[in-house]
Amino acid sequence: MNGCFLVFMMAGVGLGAVSFAAEPDVPVDFEGPEHAYFETVPRDPFSGFIKSIEQNSLGLDVSSESAYLRGLLKVLEIPESSQTLVYSATSLQLANISVRKPRAIYFKDDVYVGHVRGGRIEVISMDPNLGAVFFIFDIPQRTGQATVVERSGRCMNCHANLSTGKVPGVVIKSVMPGPNNGSLDAFRRDQLGHQVPLSERFGGWHVTGSGEFTAHRGNLLGRYVEGKIETSPAEVGQFADLSDYLRTTSDILPLLVMEHQAGFSNKLTELVYRWREARGAEGDRLLVERIDQFLRYALFADEAKLPPGGFSGDADFRRDFGAAGRTDPRGRSLRDFDLKTRLFKYRCSYMIDSDEFRGIPQALRERIFGRMRQALDPTVPDPAFAYLPAEEKAVIVEILRGTMFAKASSG
């Protein structure tokens with residue numbers, strides 16, 4: 001871990017508790033010379049598969065779209081249980097998407113795959129220093145002909161806006177789809193992450209596994225009647241034949257996890273861009289504030305509460321998601337779910353132990369860990385993290401010591 005364990009557990013970095021109120025500043029220019037988004041060769045996890053995909057040398061079954069998609073997900077180590085279904089026309093392939101033909105999205109920590117029947121494969125792959133990198137390509141036909149993986153720049157109008165901090169990121173919209181698939185209304189505008197109330201989420205998405213909880217924007221279609229929007233149900237499978245989808249569900253648990261994860265990645269990407277831009281005392285002061293803002297998100301400040309009774313979550317996804325992480329000697333993991341009043345049992349994001357986070361500049365990572373050490377110190381109250389009880393802070397530190405820092409401590 002390049003000495004990060006020592007930074008986190010033993011040494012401060014001189015970052016005291018500071019105000020965590022956001023300050024206005026100049027938007028990031030991700031195409032500027034400091035960042036050179038399009039000129040830089042990405043080192044995201046998907047790029048390593050491009051040549052094999054173009055040559056069709058992965059041995060993937062091309063007899064059908066679903067067979068090819070299943071094989072691709074297996075190669076990318078993305079669980080099928082992560083499937084969510086979105087029927088709002090909010091994609092490059094908007095002409096193909098409708099409540100009769102929803103787009104399926106699958107994900108793991110740093111790669112998202114989208115597919116709509118009769119359309120192309122879309123991929124968002126997270127580069128630790130560039131943020132989201134976008135790809136689109138056709139599924140090879142039965143002839144086995146090669147395909148071309150295009151790095152797309154057309155996504156930036158939506159994927160580098162206010163909801164992502166003006167850096168290339170993941171966007172999760174909540175809209176009210178109309179009869180012609182267009183959006184009649186939008187909710188939680190320019191907001192993304194676990195702090196968004198559930199009552200404002202899931203517009204244009206199918207939601208299963210939510211039990212009696214229906215106070216969200218999912219599973220609905222709208223239409224204007226005398227100048228007002230009236231809604232009607234759009235339950236999963238009500239309009240679409242899902243027999244050739246990999247699953248017939250769009251479980252609320254993957255939806256909740258994806259929302260948290262996308263918020264983490266976008267905030268981390270913006271922090272990396274700001275790190276490159278920081279100059280002098282004023283730049284460093286703003287950077288310190290942004291580190292606090294990022295850590296408050298990573299430690300689940302202002303998380304929206306789950307409804308009374310919570311959720312159980314899809315059993316397959318719970319298993320697959322948990323298997324992707326590490327446990328400490330007592331069997332605890334940052335991927336352990338709570339699902340009663342909040343998403344996770346221990347309020348420290350599992351994304352801290354991701355390749356995306358490990359890949360950011362070492363000096364920035366060490367500063368984050370230095371501040372994190374202070375935030376999680378159970379003996380010294382910190383106003384910015386007062387919502388975390390001392391006992392919970394101590395457990396989080398134990399899990400971090402027993403998982404991502406275990407190798408460093410033994411050395």
# chains A, B, ... in the order shown; residues from 1 in each chain; ligands from 1
$ closest_atom_pairs --of "region 59-164 of chain A" --to "region 226-245 of chain A" --cutoff "7 Å" --atoms "only C-alpha atoms" --output "JSON lines"
{"residue": "A:Ser66", "atom": "CA", "partner": "A:Asp244", "partner_atom": "CA", "distance": 6.5}
{"residue": "A:Val99", "atom": "CA", "partner": "A:Phe239", "partner_atom": "CA", "distance": 6.3}
{"residue": "A:Arg100", "atom": "CA", "partner": "A:Ala240", "partner_atom": "CA", "distance": 4.2}
{"residue": "A:Lys101", "atom": "CA", "partner": "A:Ala240", "partner_atom": "CA", "distance": 5.9}
$ write_last_selection --atoms "N, CA and C atoms" --output "CSV table (one decimal), in the first residue's frame"
chain,number,residue,atom,x,y,z
A,66,SER,N,-28.4,-12.1,-25.8
A,66,SER,CA,-28.3,-12.4,-24.4
A,66,SER,C,-27.1,-13.3,-24.1
A,99,VAL,N,-40.6,1.6,-22.4
A,99,VAL,CA,-41.2,0.8,-21.4
A,99,VAL,C,-41.4,-0.6,-21.9
A,100,ARG,N,-41.5,-0.8,-23.2
A,100,ARG,CA,-41.6,-2.1,-23.9
A,100,ARG,C,-40.3,-2.7,-24.2
A,101,LYS,N,-39.2,-1.9,-24.1
A,101,LYS,CA,-37.9,-2.4,-24.3
A,101,LYS,C,-36.9,-1.7,-23.4
$ residues_around --residues "region 328-337 of chain A" --least-positions-apart "2" --cutoff "6 Å" --atoms "only C-alpha atoms" --output "MDAnalysis selection string"
chainID A and resid 322 339 343:345 350 399 402:403
$ write_last_selection --atoms "N, CA and C atoms" --output "PDB file, in the first residue's frame"
ATOM      1  N   GLY A 322     -21.044  -9.250  -1.688  1.00  0.00           N
ATOM      2  CA  GLY A 322     -20.193  -9.545  -0.542  1.00  0.00           C
ATOM      3  C   GLY A 322     -18.944 -10.306  -0.921  1.00  0.00           C
ATOM      4  N   LEU A 339     -29.609  -2.465   5.927  1.00  0.00           N
ATOM      5  CA  LEU A 339     -30.893  -2.533   5.228  1.00  0.00           C
ATOM      6  C   LEU A 339     -32.104  -2.380   6.138  1.00  0.00           C
ATOM      7  N   LEU A 343     -28.082   1.795   4.497  1.00  0.00           N
ATOM      8  CA  LEU A 343     -27.658   0.810   3.495  1.00  0.00           C
ATOM      9  C   LEU A 343     -26.651  -0.183   4.060  1.00  0.00           C
ATOM     10  N   PHE A 344     -25.570   0.320   4.695  1.00  0.00           N
ATOM     11  CA  PHE A 344     -24.503  -0.560   5.162  1.00  0.00           C
ATOM     12  C   PHE A 344     -24.420  -0.561   6.682  1.00  0.00           C
ATOM     13  N   LYS A 345     -23.953  -1.672   7.211  1.00  0.00           N
ATOM     14  CA  LYS A 345     -23.822  -1.818   8.655  1.00  0.00           C
ATOM     15  C   LYS A 345     -22.756  -0.891   9.200  1.00  0.00           C
ATOM     16  N   TYR A 350     -17.169   0.881   0.991  1.00  0.00           N
ATOM     17  CA  TYR A 350     -16.329  -0.194   0.462  1.00  0.00           C
ATOM     18  C   TYR A 350     -15.460   0.292  -0.685  1.00  0.00           C
ATOM     19  N   ILE A 399     -11.830  -2.821  11.091  1.00  0.00           N
ATOM     20  CA  ILE A 399     -12.063  -3.476   9.794  1.00  0.00           C
ATOM     21  C   ILE A 399     -11.018  -3.041   8.777  1.00  0.00           C
ATOM     22  N   GLY A 402      -7.836  -4.770   9.468  1.00  0.00           N
ATOM     23  CA  GLY A 402      -7.882  -6.194   9.191  1.00  0.00           C
ATOM     24  C   GLY A 402      -8.100  -6.561   7.741  1.00  0.00           C
ATOM     25  N   THR A 403      -8.308  -5.550   6.875  1.00  0.00           N
ATOM     26  CA  THR A 403      -8.543  -5.831   5.462  1.00  0.00           C
ATOM     27  C   THR A 403      -7.540  -5.118   4.586  1.00  0.00           C
TER      28      THR A 403
END
$ residues_around --residues "Pro378 (chain A)" --least-positions-apart "3" --cutoff "7 Å" --atoms "only C-alpha atoms" --output "MDAnalysis selection string"
chainID A and resid 390 393:394
$ write_last_selection --atoms "C-alpha atoms" --output "PDB file, in the first residue's frame"
ATOM      1  CA  ALA A 390     -17.110   6.500  18.983  1.00  0.00           C
ATOM      2  CA  LYS A 393     -15.509   4.660  14.531  1.00  0.00           C
ATOM      3  CA  ALA A 394     -13.449   2.096  16.454  1.00  0.00           C
TER       4      ALA A 394
END
$ select_by_dssp --residues "region 119-224 of chain A" --states "helix (DSSP H, G or I)" --output "count of residues only"
10
$ atom_distance --atom1 "CA of Tyr112 (chain A)" --atom2 "CA of Ser265 (chain A)"
12.2 Å
$ residues_around --residues "Lys108 (chain A)" --least-positions-apart "6" --cutoff "10 Å" --atoms "only C-alpha atoms" --output "PyMOL selection string"
chain A and resi 73+76-79+82+125+257-258+261+320-321+324
$ residues_around --residues "Ser152 (chain A)" --least-positions-apart "6" --cutoff "7 Å" --atoms "only C-alpha atoms" --output "list in words"
Phe134, Phe135 and Ile136 of chain A
$ residues_around --residues "region 170-179 of chain A" --least-positions-apart "6" --cutoff "6 Å" --atoms "only C-alpha atoms" --output "VMD selection string"
chain A and resid 88 159 185 to 187 201 to 204 221 to 223 262
$ write_last_selection --atoms "C-alpha atoms" --output "PDB file, in the first residue's frame"
ATOM      1  CA  SER A  88     -36.668   6.301 -19.723  1.00  0.00           C
ATOM      2  CA  HIS A 159     -21.859  12.904 -18.171  1.00  0.00           C
ATOM      3  CA  ASP A 185     -40.557  16.035 -15.549  1.00  0.00           C
ATOM      4  CA  ALA A 186     -37.267  15.504 -13.721  1.00  0.00           C
ATOM      5  CA  PHE A 187     -36.520  15.024 -10.043  1.00  0.00           C
ATOM      6  CA  ARG A 201     -35.303   8.439  -6.876  1.00  0.00           C
ATOM      7  CA  PHE A 202     -35.956   5.793  -9.541  1.00  0.00           C
ATOM      8  CA  GLY A 203     -38.079   7.829 -11.961  1.00  0.00           C
ATOM      9  CA  GLY A 204     -37.963   5.951 -15.273  1.00  0.00           C
ATOM     10  CA  LEU A 221     -45.572   6.437 -16.664  1.00  0.00           C
ATOM     11  CA  GLY A 222     -46.964   9.944 -17.027  1.00  0.00           C
ATOM     12  CA  ARG A 223     -49.131  11.898 -19.375  1.00  0.00           C
ATOM     13  CA  ALA A 262     -21.665   6.563  -8.516  1.00  0.00           C
TER      14      ALA A 262
END
$ atom_distance --atom1 "CA of Ser199 (chain A)" --atom2 "CA of Asn181 (chain A)"
21.5 Å
$ residues_around --residues "Val111 (chain A)" --least-positions-apart "5" --cutoff "9 Å" --atoms "only C-alpha atoms" --output "VMD selection string"
chain A and resid 44 to 46 76 78 106 123 to 126
$ select_by_dssp --residues "region 120-213 of chain A" --states "strand (DSSP E)" --output "list in words"
Ile121, Glu122, Val123, Ile124, Ser125, Met126, Asp127, Gly131, Ala132, Val133, Phe134, Phe135, Ile136, Phe137, Glu150, Arg151, Val175, Met176, Pro177, Ser183, Leu184, Asp185 and Ala186 of chain A
$ write_last_selection --atoms "C-alpha atoms" --output "PDB file, in the first residue's frame"
ATOM      1  CA  ILE A 121     -23.248  -2.419 -25.829  1.00  0.00           C
ATOM      2  CA  GLU A 122     -22.418   0.666 -23.763  1.00  0.00           C
ATOM      3  CA  VAL A 123     -19.625   0.658 -21.171  1.00  0.00           C
ATOM      4  CA  ILE A 124     -18.568   3.162 -18.538  1.00  0.00           C
ATOM      5  CA  SER A 125     -15.171   2.278 -17.105  1.00  0.00           C
ATOM      6  CA  MET A 126     -13.576   4.268 -14.292  1.00  0.00           C
ATOM      7  CA  ASP A 127     -10.028   5.560 -14.701  1.00  0.00           C
ATOM      8  CA  GLY A 131     -12.826   9.559 -14.241  1.00  0.00           C
ATOM      9  CA  ALA A 132     -15.447   7.883 -16.411  1.00  0.00           C
ATOM     10  CA  VAL A 133     -14.341   6.675 -19.846  1.00  0.00           C
ATOM     11  CA  PHE A 134     -17.125   5.803 -22.294  1.00  0.00           C
ATOM     12  CA  PHE A 135     -17.228   3.043 -24.904  1.00  0.00           C
ATOM     13  CA  ILE A 136     -19.855   1.741 -27.303  1.00  0.00           C
ATOM     14  CA  PHE A 137     -19.771  -1.177 -29.748  1.00  0.00           C
ATOM     15  CA  GLU A 150     -15.489   3.251 -30.041  1.00  0.00           C
ATOM     16  CA  ARG A 151     -14.312   5.530 -27.241  1.00  0.00           C
ATOM     17  CA  VAL A 175     -37.512  11.442 -14.595  1.00  0.00           C
ATOM     18  CA  MET A 176     -41.164  10.930 -15.410  1.00  0.00           C
ATOM     19  CA  PRO A 177     -41.360   9.246 -18.835  1.00  0.00           C
ATOM     20  CA  SER A 183     -39.263  13.065 -20.065  1.00  0.00           C
ATOM     21  CA  LEU A 184     -42.238  15.075 -18.814  1.00  0.00           C
ATOM     22  CA  ASP A 185     -40.557  16.035 -15.549  1.00  0.00           C
ATOM     23  CA  ALA A 186     -37.267  15.504 -13.721  1.00  0.00           C
TER      24      ALA A 186
END
$ atom_distance --atom1 "CA of Ala406 (chain A)" --atom2 "CA of Ala323 (chain A)"
18.2 Å
$ closest_residue --among "A:Arg274, A:Lys51, A:Arg103, A:Arg401" --to "Ser250 (chain A)" --atoms "only C-alpha atoms"
A:Arg103
